[in-house]
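**Q** Quick one: the structure is below, and I'll ask about it shortly.
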Amino acid sequence: MHQDLLNHVGRNWEELAGDTPYFAVLTDPTYKEGPNENFWISGQIVANHILSDLREAGMDCTGMSACELGAGVGRVLKAMSGACSSATGYDLSKKMVNLCRRNCPGTPCHVYQGSLPSLSYDLVYSAIVLQHNPPALIKDLIKDMFQASRHAVWFQLPLPTGFEGEEKPEIPCIPMYGMTESDVVALGSECGFALVSSKPNNYAGPGMDGKQYLFARNP
């Protein structure tokens, strides 16, 4: 794990969490004052995509233990906790973790320090999180997701489209990065996982074509 990079990204998110945490998660001006119903609906929409991909692959989420990397304020975790047998969140920011615990009472959420418990969850997932990290750290984080999962890994990641390293104008300290599908698949293979599905999505925002991936651990 590139710990210096991880610490740098963590400090950025801790600062954002102290100012406008919900706007930092979804850069819509309406969330600068806090969440509304649409904020939580957006989390349910992401959860629906994850659950649909699992069902299409013949995986029953109801008996799964799930883990979210980059849980933030609990936007997606809140929805997933009601669909799986259990759900646990991890985030780099202590302030985000505290908000997540408040928004998802009874759902464990921990400060991520660079390592998830090995083979501890049936499903490990992450949405609109990985692209905010430098490429070397993206690979570290994906590898950590694979090592923590007993069965399945789902995540979203933009494709490289010329925006690498550009900062979002709404949040200058958070740059954007992508990864080719072939590199993603190779990383999964290296960790003992096979690609189950790859679908286009635009979670990262306008003009940033991306993919949502589902991987399964090889027998």
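Letters for chains follow the order of the structure tokens (A, B, ...), residue numbers begin at 1 for each chain, and ligand numbers begin at 1 in the order shown.
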Tell me, counting only C-alpha atoms, for each residue of segment 62-136 of chain A within 10 Å of segment 40-58 of chain A, which pair of atoms is nearest and how far apart they are in Å to one decimal, in rows ordered by chain and increasing number, as a Markdown table.

**A**
| residue | atom | partner | partner_atom | distance |
| --- | --- | --- | --- | --- |
| A:Thr62 | CA | A:Leu51 | CA | 9.7 |
| A:Gly74 | CA | A:Gly43 | CA | 8.4 |
| A:Arg75 | CA | A:Gly43 | CA | 4.9 |
| A:Val76 | CA | A:Gly43 | CA | 4.3 |
| A:Leu77 | CA | A:Gly43 | CA | 7.8 |
| A:Lys78 | CA | A:Gly43 | CA | 7.7 |
| A:Ala79 | CA | A:Gln44 | CA | 5.4 |
| A:Met80 | CA | A:Ala47 | CA | 6.0 |
| A:Ser81 | CA | A:Ala47 | CA | 9.7 |
| A:Ala83 | CA | A:Leu51 | CA | 8.3 |
| A:Cys84 | CA | A:Leu51 | CA | 9.5 |
| A:Leu123 | CA | A:Leu54 | CA | 9.7 |
| A:Tyr125 | CA | A:Ile50 | CA | 8.3 |
| A:Ser126 | CA | A:Ile50 | CA | 9.7 |
| A:Ala127 | CA | A:Val46 | CA | 7.7 |
| A:Ile128 | CA | A:Val46 | CA | 9.8 |

**Q** With only C-alpha atoms as the basis for distance, which of A:Ala136, A:Met64, A:Leu92, A:Ile142 is at the shortest distance from Ser120 of chain A?

**A**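 Result for the nearest residue to Ser120 of chain A: A:Met64.
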
**Q** Tell me, which residues of segment 9-117 of chain A carry DSSP strand (DSSP E), written as JSON, numbers by chain?

**A** {"A": [65, 66, 67, 68, 69, 86, 87, 88, 89, 90, 91, 109, 110, 111]}

**Q** Please write the residues from the selection above to a file, keeping C-alpha atoms, as a PDB file, in the first residue's frame.

**A**
ATOM      1  CA  SER A  65     -22.135 -10.089   4.350  1.00  0.00           C
ATOM      2  CA  ALA A  66     -21.205  -6.883   2.524  1.00  0.00           C
ATOM      3  CA  CYS A  67     -18.414  -4.355   2.924  1.00  0.00           C
ATOM      4  CA  GLU A  68     -18.213  -0.890   1.367  1.00  0.00           C
ATOM      5  CA  LEU A  69     -14.857   0.769   0.766  1.00  0.00           C
ATOM      6  CA  SER A  86     -24.963  -7.567   7.268  1.00  0.00           C
ATOM      7  CA  ALA A  87     -23.074  -4.550   5.965  1.00  0.00           C
ATOM      8  CA  THR A  88     -19.924  -2.798   7.160  1.00  0.00           C
ATOM      9  CA  GLY A  89     -18.449   0.488   5.980  1.00  0.00           C
ATOM     10  CA  TYR A  90     -14.880   1.786   5.817  1.00  0.00           C
ATOM     11  CA  ASP A  91     -13.747   5.331   5.096  1.00  0.00           C
ATOM     12  CA  CYS A 109     -18.378   1.745  10.127  1.00  0.00           C
ATOM     13  CA  HIS A 110     -14.629   1.991  10.650  1.00  0.00           C
ATOM     14  CA  VAL A 111     -11.731   4.258   9.721  1.00  0.00           C
TER      15      VAL A 111
END

**Q** Quick one: everything within 9 Å of Gln212 of chain A, counting only C-alpha atoms, minus sequence neighbours fewer than 5 positions away in the same chain. Send it as a list in words.

**A**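 After dropping sequence-adjacent residues, the list is His49, Ile50, Ala127, Trp154, Phe155, Gln156, Leu157, Pro158, Ser197, Ser198, Lys199, Pro200 and Asn201 of chain A.
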
**Q** Skip segment 6-19 of chain A itself and residues of its chain fewer than 2 positions away, then list as an MDAnalysis selection string all residues within 12 Å of it, counting only C-alpha atoms.

**A** chainID A and resid 1:4 21:27 31:34 70:73 91:100 111:115 129:141 170:175

**Q** Would you mind reading off the distance between atom CA of Pro117 of chain A and atom CA of Asp60 of chain A, one decimal, in Å?

**A**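 Taking atom CA of Pro117 of chain A as the start and atom CA of Asp60 of chain A as the end point, the length is 22.4 Å.
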
**Q** Apply DSSP to the structure's backbone, then extract all residues of segment 14-185 of chain A labelled alpha helix (DSSP H) and return them as a ChimeraX atom specification.

**A** /A:14-19,21-25,37-56,77-80,94-103,135-148,181-185

**Q** For atom CA of Thr30 of chain A and atom CA of Met176 of chain A, determine how far apart the two atoms are, in Å to one decimal place.

**A** 22.2 Å

**Q** Using only C-alpha atoms, can you tell me which of A:Phe215, A:Val184, A:Asn38, A:Gly192 comes closest to Asp122 of chain A?

**A**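 For Asp122 of chain A, the nearest of the candidates is A:Phe215.
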
**Q** Just want the 7 Å neighbourhood of Ala148 of chain A, counted on only C-alpha atoms, with same-chain residues fewer than 4 positions away dropped. Output as a list of chain:residue names.

**A**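 Everything that qualifies: A:Leu116, A:Pro117, A:Ser118, A:Leu119, A:Ser120, A:Tyr121, A:Asp144.
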
**Q** Restrict the selected residues to C-alpha atoms and save them as a CSV table (one decimal), in the first residue's frame.

**A**
chain,number,residue,atom,x,y,z
A,116,LEU,CA,-9.4,-4.6,5.1
A,117,PRO,CA,-9.7,-7.8,7.1
A,118,SER,CA,-8.7,-10.7,4.8
A,119,LEU,CA,-11.4,-13.0,3.4
A,120,SER,CA,-13.9,-11.4,5.8
A,121,TYR,CA,-16.9,-10.5,3.6
A,144,ASP,CA,-7.3,-4.8,-1.0
